[in-house]
file my_file00.txt (compact mmCIF, N, CA and C atoms)
# COMPACT_ATOMS: atom_id res chain seq x y z
N MET A 89 188.11 183.23 -13.89
CA MET A 89 189.27 184.04 -14.19
C MET A 89 190.47 183.61 -13.34
N PHE A 90 190.21 183.39 -12.06
CA PHE A 90 191.28 182.98 -11.17
C PHE A 90 191.80 181.59 -11.54
N ARG A 91 190.89 180.73 -11.96
CA ARG A 91 191.28 179.37 -12.34
C ARG A 91 192.24 179.41 -13.54
N PHE A 92 191.99 180.28 -14.49
CA PHE A 92 192.87 180.43 -15.65
C PHE A 92 194.27 180.86 -15.22
N PHE A 93 194.34 181.84 -14.32
CA PHE A 93 195.64 182.30 -13.84
C PHE A 93 196.36 181.21 -13.06
N ALA A 94 195.63 180.46 -12.27
CA ALA A 94 196.25 179.37 -11.49
C ALA A 94 196.81 178.30 -12.42
N LYS A 95 196.03 177.92 -13.42
CA LYS A 95 196.51 176.92 -14.38
C LYS A 95 197.71 177.43 -15.15
N SER A 96 197.67 178.69 -15.55
CA SER A 96 198.79 179.28 -16.29
C SER A 96 200.04 179.35 -15.43
N ALA A 97 199.87 179.70 -14.17
CA ALA A 97 201.03 179.80 -13.27
C ALA A 97 201.64 178.43 -13.03
N ILE A 98 200.81 177.43 -12.84
CA ILE A 98 201.32 176.07 -12.62
C ILE A 98 202.01 175.55 -13.87
N ALA A 99 201.40 175.78 -15.02
CA ALA A 99 202.01 175.33 -16.28
C ALA A 99 203.35 176.04 -16.52
N THR A 100 203.40 177.32 -16.23
CA THR A 100 204.65 178.07 -16.39
C THR A 100 205.72 177.57 -15.43
N LEU A 101 205.34 177.31 -14.20
CA LEU A 101 206.29 176.81 -13.20
C LEU A 101 206.84 175.44 -13.62
N ILE A 102 205.96 174.56 -14.06
CA ILE A 102 206.40 173.23 -14.50
C ILE A 102 207.29 173.34 -15.73
N TRP A 103 206.92 174.18 -16.68
CA TRP A 103 207.72 174.32 -17.90
C TRP A 103 209.10 174.89 -17.58
N LYS A 104 209.17 175.92 -16.74
CA LYS A 104 210.47 176.52 -16.43
C LYS A 104 211.38 175.54 -15.71
N ARG A 105 210.81 174.70 -14.88
CA ARG A 105 211.63 173.78 -14.11
C ARG A 105 212.01 172.54 -14.88
N TYR A 106 211.10 172.02 -15.70
CA TYR A 106 211.31 170.72 -16.34
C TYR A 106 211.33 170.77 -17.86
N HIS A 107 211.55 171.92 -18.48
CA HIS A 107 211.43 171.98 -19.94
C HIS A 107 212.48 171.13 -20.65
N ARG A 108 213.67 171.01 -20.10
CA ARG A 108 214.68 170.17 -20.74
C ARG A 108 214.30 168.70 -20.68
N VAL A 109 213.77 168.27 -19.55
CA VAL A 109 213.36 166.87 -19.41
C VAL A 109 212.16 166.59 -20.30
N ILE A 110 211.23 167.52 -20.37
CA ILE A 110 210.05 167.34 -21.21
C ILE A 110 210.45 167.23 -22.67
N LEU A 111 211.33 168.12 -23.12
CA LEU A 111 211.77 168.08 -24.52
C LEU A 111 212.56 166.81 -24.82
N ALA A 112 213.41 166.37 -23.88
CA ALA A 112 214.17 165.14 -24.09
C ALA A 112 213.23 163.94 -24.17
N THR A 113 212.22 163.90 -23.33
CA THR A 113 211.26 162.79 -23.36
C THR A 113 210.46 162.80 -24.65
N LEU A 114 210.04 163.98 -25.10
CA LEU A 114 209.33 164.06 -26.38
C LEU A 114 210.22 163.61 -27.53
N ALA A 115 211.49 163.98 -27.50
CA ALA A 115 212.43 163.53 -28.54
C ALA A 115 212.59 162.02 -28.51
N LEU A 116 212.65 161.44 -27.31
CA LEU A 116 212.76 159.99 -27.18
C LEU A 116 211.52 159.30 -27.76
N LEU A 117 210.34 159.79 -27.42
CA LEU A 117 209.11 159.19 -27.94
C LEU A 117 209.01 159.36 -29.45
N LEU A 118 209.44 160.50 -29.96
CA LEU A 118 209.45 160.71 -31.41
C LEU A 118 210.41 159.74 -32.08
N GLY A 119 211.57 159.52 -31.47
CA GLY A 119 212.53 158.55 -32.00
C GLY A 119 211.96 157.15 -32.02
N TYR A 120 211.29 156.76 -30.92
CA TYR A 120 210.64 155.44 -30.90
C TYR A 120 209.62 155.32 -32.03
N PHE A 121 208.82 156.37 -32.20
CA PHE A 121 207.79 156.35 -33.24
C PHE A 121 208.40 156.23 -34.63
N LEU A 122 209.45 157.01 -34.91
CA LEU A 122 210.08 156.97 -36.23
C LEU A 122 210.71 155.60 -36.51
N ILE A 123 211.40 155.05 -35.53
CA ILE A 123 212.02 153.74 -35.73
C ILE A 123 210.95 152.68 -35.98
N SER A 124 209.87 152.73 -35.22
CA SER A 124 208.79 151.75 -35.42
C SER A 124 208.12 151.91 -36.77
N MET A 125 207.92 153.16 -37.20
CA MET A 125 207.29 153.39 -38.50
C MET A 125 208.19 152.91 -39.63
N ILE A 126 209.47 153.23 -39.58
CA ILE A 126 210.40 152.81 -40.63
C ILE A 126 210.50 151.30 -40.67
N HIS A 127 210.58 150.68 -39.51
CA HIS A 127 210.66 149.22 -39.45
C HIS A 127 209.37 148.59 -40.01
N GLY A 128 208.22 149.14 -39.62
CA GLY A 128 206.95 148.61 -40.12
C GLY A 128 206.83 148.75 -41.63
N ASP A 129 207.26 149.89 -42.15
CA ASP A 129 207.23 150.08 -43.60
C ASP A 129 208.13 149.07 -44.31
N TYR A 130 209.32 148.83 -43.75
CA TYR A 130 210.22 147.87 -44.39
C TYR A 130 209.65 146.45 -44.31
N VAL A 131 209.04 146.08 -43.19
CA VAL A 131 208.45 144.75 -43.08
C VAL A 131 207.32 144.58 -44.09
N ASP A 132 206.46 145.61 -44.23
CA ASP A 132 205.39 145.55 -45.23
C ASP A 132 205.96 145.43 -46.64
N TYR A 133 206.99 146.19 -46.95
CA TYR A 133 207.62 146.13 -48.26
C TYR A 133 208.23 144.75 -48.52
N ALA A 134 208.95 144.22 -47.50
CA ALA A 134 209.61 142.92 -47.68
C ALA A 134 208.58 141.81 -47.87
N GLN A 135 207.48 141.86 -47.15
CA GLN A 135 206.45 140.83 -47.31
C GLN A 135 205.72 140.99 -48.65
N GLY A 136 205.52 142.21 -49.08
CA GLY A 136 204.86 142.44 -50.37
C GLY A 136 205.73 142.04 -51.54
N ALA A 137 207.04 142.19 -51.40
CA ALA A 137 207.97 141.86 -52.48
C ALA A 137 208.43 140.41 -52.39
N GLN A 138 207.95 139.68 -51.42
CA GLN A 138 208.33 138.27 -51.21
C GLN A 138 209.85 138.14 -50.99
N ASP A 139 210.45 139.16 -50.38
CA ASP A 139 211.89 139.15 -50.13
C ASP A 139 212.12 139.27 -48.63
N THR A 140 211.98 138.15 -47.92
CA THR A 140 212.11 138.16 -46.46
C THR A 140 213.44 137.59 -45.99
N LYS A 141 214.43 137.51 -46.90
CA LYS A 141 215.73 136.95 -46.53
C LYS A 141 216.46 137.84 -45.51
N LEU A 142 216.34 139.14 -45.68
CA LEU A 142 217.06 140.07 -44.80
C LEU A 142 216.15 140.72 -43.75
N LEU A 143 215.01 140.09 -43.50
CA LEU A 143 214.08 140.64 -42.52
C LEU A 143 214.67 140.62 -41.11
N TRP A 144 215.50 139.64 -40.81
CA TRP A 144 216.14 139.56 -39.50
C TRP A 144 217.06 140.77 -39.27
N LEU A 145 217.67 141.27 -40.33
CA LEU A 145 218.54 142.44 -40.20
C LEU A 145 217.73 143.68 -39.83
N SER A 146 216.51 143.75 -40.31
CA SER A 146 215.64 144.87 -39.97
C SER A 146 215.31 144.86 -38.47
N TYR A 147 215.07 143.67 -37.93
CA TYR A 147 214.77 143.58 -36.49
C TYR A 147 216.01 143.94 -35.65
N ILE A 148 217.16 143.52 -36.10
CA ILE A 148 218.40 143.87 -35.37
C ILE A 148 218.62 145.38 -35.42
N ALA A 149 218.39 145.99 -36.58
CA ALA A 149 218.56 147.44 -36.71
C ALA A 149 217.54 148.18 -35.84
N LYS A 150 216.30 147.67 -35.81
CA LYS A 150 215.26 148.29 -35.00
C LYS A 150 215.64 148.28 -33.53
N TRP A 151 216.00 147.13 -33.00
CA TRP A 151 216.30 147.02 -31.58
C TRP A 151 217.60 147.73 -31.22
N THR A 152 218.56 147.74 -32.12
CA THR A 152 219.79 148.49 -31.88
C THR A 152 219.48 149.98 -31.81
N GLY A 153 218.65 150.45 -32.71
CA GLY A 153 218.26 151.87 -32.69
C GLY A 153 217.52 152.23 -31.42
N LEU A 154 216.60 151.36 -30.99
CA LEU A 154 215.85 151.63 -29.75
C LEU A 154 216.78 151.67 -28.54
N ILE A 155 217.72 150.75 -28.49
CA ILE A 155 218.65 150.71 -27.37
C ILE A 155 219.57 151.93 -27.39
N VAL A 156 220.01 152.34 -28.58
CA VAL A 156 220.92 153.49 -28.68
C VAL A 156 220.22 154.77 -28.25
N ILE A 157 219.01 155.02 -28.73
CA ILE A 157 218.36 156.28 -28.34
C ILE A 157 217.95 156.26 -26.88
N THR A 158 217.64 155.08 -26.33
CA THR A 158 217.34 154.99 -24.91
C THR A 158 218.59 155.27 -24.08
N ALA A 159 219.73 154.74 -24.52
CA ALA A 159 221.00 155.01 -23.81
C ALA A 159 221.36 156.49 -23.90
N LEU A 160 221.15 157.12 -25.05
CA LEU A 160 221.42 158.55 -25.18
C LEU A 160 220.51 159.36 -24.26
N TYR A 161 219.26 158.98 -24.17
CA TYR A 161 218.31 159.65 -23.28
C TYR A 161 218.76 159.52 -21.83
N TYR A 162 219.13 158.31 -21.43
CA TYR A 162 219.60 158.09 -20.07
C TYR A 162 220.86 158.90 -19.80
N PHE A 163 221.81 158.89 -20.74
CA PHE A 163 223.04 159.67 -20.59
C PHE A 163 222.73 161.15 -20.45
N TYR A 164 221.81 161.65 -21.25
CA TYR A 164 221.44 163.06 -21.20
C TYR A 164 220.83 163.42 -19.86
N LEU A 165 219.94 162.58 -19.37
CA LEU A 165 219.29 162.89 -18.09
C LEU A 165 220.24 162.79 -16.91
N LYS A 166 221.08 161.78 -16.88
CA LYS A 166 221.93 161.55 -15.72
C LYS A 166 223.18 162.42 -15.71
N LEU A 167 223.79 162.65 -16.84
CA LEU A 167 225.06 163.36 -16.83
C LEU A 167 224.95 164.82 -17.25
N VAL A 168 224.15 165.10 -18.24
CA VAL A 168 224.08 166.48 -18.72
C VAL A 168 223.16 167.31 -17.83
N LEU A 169 222.01 166.76 -17.44
CA LEU A 169 221.07 167.52 -16.63
C LEU A 169 221.26 167.35 -15.13
N ALA A 170 222.24 166.55 -14.72
CA ALA A 170 222.48 166.35 -13.29
C ALA A 170 222.98 167.65 -12.67
N PRO A 171 222.56 167.94 -11.44
CA PRO A 171 223.06 169.15 -10.79
C PRO A 171 224.56 169.06 -10.55
N LYS A 172 225.22 170.16 -10.70
CA LYS A 172 226.66 170.19 -10.52
C LYS A 172 226.98 170.12 -9.02
N GLU A 173 227.99 169.31 -8.69
CA GLU A 173 228.40 169.20 -7.30
C GLU A 173 229.29 170.38 -6.95
N VAL A 174 229.06 170.92 -5.76
CA VAL A 174 229.86 172.03 -5.28
C VAL A 174 231.08 171.45 -4.59
N LYS A 175 232.25 171.93 -4.99
CA LYS A 175 233.48 171.44 -4.38
C LYS A 175 233.57 171.94 -2.94
N ALA A 176 234.14 171.11 -2.07
CA ALA A 176 234.28 171.48 -0.68
C ALA A 176 235.27 172.62 -0.55
N PRO A 177 234.92 173.64 0.23
CA PRO A 177 235.85 174.75 0.39
C PRO A 177 237.06 174.34 1.23
N GLN A 178 238.15 175.05 1.02
CA GLN A 178 239.35 174.75 1.79
C GLN A 178 239.19 175.28 3.20
N ALA A 179 239.95 174.69 4.12
CA ALA A 179 239.86 175.07 5.53
C ALA A 179 240.33 176.51 5.71
N ASN A 180 239.57 177.26 6.52
CA ASN A 180 240.00 178.62 6.81
C ASN A 180 240.71 178.67 8.15
N THR A 181 241.07 179.85 8.60
CA THR A 181 241.91 179.97 9.79
C THR A 181 241.21 179.53 11.06
N SER A 182 239.89 179.73 11.17
CA SER A 182 239.20 179.34 12.41
C SER A 182 239.17 177.83 12.56
N ARG A 183 239.13 177.09 11.49
CA ARG A 183 239.15 175.63 11.59
C ARG A 183 240.54 175.14 11.98
N GLN A 184 241.55 175.87 11.55
CA GLN A 184 242.90 175.47 11.91
C GLN A 184 243.16 175.72 13.39
N LYS A 185 242.57 176.78 13.96
CA LYS A 185 242.76 177.07 15.37
C LYS A 185 241.98 176.12 16.26
N HIS A 186 240.83 175.64 15.78
CA HIS A 186 239.98 174.73 16.54
C HIS A 186 239.76 173.45 15.73
N PRO A 187 240.74 172.54 15.68
CA PRO A 187 240.60 171.35 14.84
C PRO A 187 239.53 170.39 15.36
N HIS A 188 239.19 170.45 16.66
CA HIS A 188 238.18 169.55 17.20
C HIS A 188 236.77 169.97 16.79
N LYS A 189 236.60 171.17 16.28
CA LYS A 189 235.29 171.65 15.84
C LYS A 189 235.25 171.69 14.32
N GLN A 190 235.18 170.55 13.69
CA GLN A 190 235.09 170.46 12.24
C GLN A 190 233.62 170.49 11.84
N LYS A 191 233.18 171.56 11.21
CA LYS A 191 231.79 171.69 10.77
C LYS A 191 231.78 171.83 9.26
N GLN A 192 230.69 171.36 8.65
CA GLN A 192 230.51 171.53 7.21
C GLN A 192 230.15 172.97 6.93
N HIS A 193 230.76 173.54 5.93
CA HIS A 193 230.45 174.89 5.50
C HIS A 193 229.90 174.81 4.09
N ASN A 194 228.63 175.20 3.89
CA ASN A 194 227.96 174.98 2.61
C ASN A 194 228.06 176.18 1.67
N GLY A 195 228.86 177.14 1.97
CA GLY A 195 228.97 178.29 1.08
C GLY A 195 230.39 178.48 0.63
N PRO A 196 230.59 179.40 -0.28
CA PRO A 196 231.95 179.65 -0.74
C PRO A 196 232.74 180.37 0.35
N THR A 197 234.00 180.09 0.43
CA THR A 197 234.84 180.75 1.42
C THR A 197 235.14 182.16 0.94
N PRO A 198 235.17 183.10 1.86
CA PRO A 198 235.43 184.47 1.44
C PRO A 198 236.87 184.63 0.99
N SER A 199 237.05 185.48 -0.01
CA SER A 199 238.39 185.69 -0.54
C SER A 199 239.00 186.97 0.03
N ILE A 200 238.56 187.35 1.22
CA ILE A 200 239.06 188.57 1.87
C ILE A 200 240.31 188.21 2.65
N GLU A 201 241.28 189.07 2.59
CA GLU A 201 242.50 188.83 3.33
C GLU A 201 242.22 188.95 4.83
N PRO A 202 242.90 188.15 5.67
CA PRO A 202 242.61 188.15 7.11
C PRO A 202 242.77 189.51 7.78
N GLU A 203 243.72 190.34 7.37
CA GLU A 203 243.90 191.62 8.05
C GLU A 203 242.81 192.63 7.66
N HIS A 204 242.10 192.40 6.56
CA HIS A 204 241.04 193.31 6.13
C HIS A 204 239.65 192.69 6.35
N ASP A 205 239.57 191.61 7.05
CA ASP A 205 238.31 190.91 7.26
C ASP A 205 237.59 191.51 8.47
N PRO A 206 236.46 192.21 8.27
CA PRO A 206 235.77 192.83 9.40
C PRO A 206 235.07 191.81 10.31
N PHE A 207 234.89 190.59 9.85
CA PHE A 207 234.18 189.59 10.64
C PHE A 207 235.12 188.55 11.25
N ALA A 208 236.41 188.80 11.23
CA ALA A 208 237.37 187.82 11.75
C ALA A 208 237.15 187.55 13.23
N ASN A 209 236.84 188.60 14.01
CA ASN A 209 236.65 188.39 15.45
C ASN A 209 235.39 187.58 15.73
N ILE A 210 234.38 187.70 14.90
CA ILE A 210 233.15 186.92 15.10
C ILE A 210 233.41 185.45 14.78
N ARG A 211 234.19 185.17 13.75
CA ARG A 211 234.47 183.79 13.38
C ARG A 211 235.30 183.07 14.43
N GLN A 212 236.08 183.82 15.21
CA GLN A 212 236.96 183.20 16.20
C GLN A 212 236.29 183.00 17.55
N LYS A 213 235.08 183.52 17.75
CA LYS A 213 234.40 183.38 19.04
C LYS A 213 233.95 181.94 19.24
N GLU A 214 233.99 181.49 20.48
CA GLU A 214 233.53 180.15 20.83
C GLU A 214 232.02 180.04 20.70
N LYS A 215 231.29 181.06 21.22
CA LYS A 215 229.83 181.02 21.21
C LYS A 215 229.32 182.39 20.82
N LEU A 216 228.39 182.42 19.88
CA LEU A 216 227.81 183.68 19.44
C LEU A 216 226.50 183.90 20.18
N LYS A 217 226.26 185.15 20.58
CA LYS A 217 225.02 185.49 21.27
C LYS A 217 224.36 186.64 20.51
N SER A 218 223.07 186.52 20.32
CA SER A 218 222.33 187.58 19.65
C SER A 218 221.76 188.54 20.69
N ARG A 219 221.14 189.61 20.22
CA ARG A 219 220.50 190.55 21.14
C ARG A 219 219.38 189.88 21.91
N GLY A 220 218.69 188.97 21.24
CA GLY A 220 217.61 188.25 21.91
C GLY A 220 218.14 187.37 23.04
N ASP A 221 219.26 186.70 22.81
CA ASP A 221 219.86 185.88 23.87
C ASP A 221 220.27 186.75 25.06
N ILE A 222 220.85 187.90 24.80
CA ILE A 222 221.27 188.80 25.87
C ILE A 222 220.06 189.31 26.64
N ALA A 223 218.98 189.67 25.92
CA ALA A 223 217.77 190.16 26.57
C ALA A 223 217.14 189.07 27.43
N LEU A 224 217.11 187.84 26.94
CA LEU A 224 216.56 186.74 27.74
C LEU A 224 217.40 186.48 28.98
N ASP A 225 218.71 186.52 28.84
CA ASP A 225 219.58 186.30 29.99
C ASP A 225 219.39 187.39 31.04
N SER A 226 219.28 188.64 30.59
CA SER A 226 219.08 189.73 31.57
C SER A 226 217.72 189.63 32.21
N HIS A 227 216.70 189.20 31.46
CA HIS A 227 215.36 189.04 32.02
C HIS A 227 215.33 187.92 33.04
N ARG A 228 216.02 186.83 32.77
CA ARG A 228 216.08 185.71 33.71
C ARG A 228 216.82 186.10 34.97
N ASN A 229 217.88 186.89 34.83
CA ASN A 229 218.66 187.30 35.99
C ASN A 229 217.87 188.27 36.88
N THR A 230 217.04 189.11 36.29
CA THR A 230 216.25 190.05 37.10
C THR A 230 215.11 189.34 37.80
N ASN A 231 214.56 188.30 37.23
CA ASN A 231 213.45 187.56 37.83
C ASN A 231 213.93 186.55 38.86
N SER A 232 215.17 186.16 38.85
CA SER A 232 215.67 185.14 39.77
C SER A 232 216.05 185.69 41.10
call {"tool": "encode", "arguments": {"input": "my_file00.txt", "output": "structure tokens"}}
result
Amino acid sequence: MFRFFAKSAIATLIWKRYHRVILATLALLLGYFLISMIHGDYVDYAQGAQDTKLLWLSYIAKWTGLIVITALYYFYLKLVLAPKEVKAPQANTSRQKHPHKQKQHNGPTPSIEPEHDPFANIRQKEKLKSRGDIALDSHRNTNS
């Protein structure tokens, strides 16, 4: 019973994460199969009808089709399914006051006006200390 749930959970996780890639790959393989089947049917027909004058055109169409659907697949995977890049946020006031401390900020900048920002004093501090840091400092001072 547990094995069934584990397999189902893994399959669901994989499907939710990669369903677009899986469907695109299946479409690519289906396209390859259809192009090969159509080309094979035409080659059989041309050989049966003793009309092989335009057989070279069939090979050109086959390889052009394979290259086109492969290029579309690559374009879809690289450009359409690529993760969107997050634009760099603009510099806020604390960076302007301390230009020598340029740090990367990986989140969106708050759109709160500076006079209504309750955390403005924390952003302007040189060094932040937590309750744990204060407790350790007091413990070290009492033991020394």
call {"tool": "atom_distance", "arguments": {"input": "my_file00.txt", "atom1": "CA of Lys166 in chain A", "atom2": "CA of Thr113 in chain A"}}
result
13.2 Å
call {"tool": "atom_distance", "arguments": {"input": "my_file00.txt", "atom1": "CA of Asn231 in chain A", "atom2": "atom C of Glu214 in chain A"}}
result
26.4 Å
call {"tool": "atom_distance", "arguments": {"input": "my_file00.txt", "atom1": "CA of Ile157 in chain A", "atom2": "CA of His107 in chain A"}}
result
19.1 Å
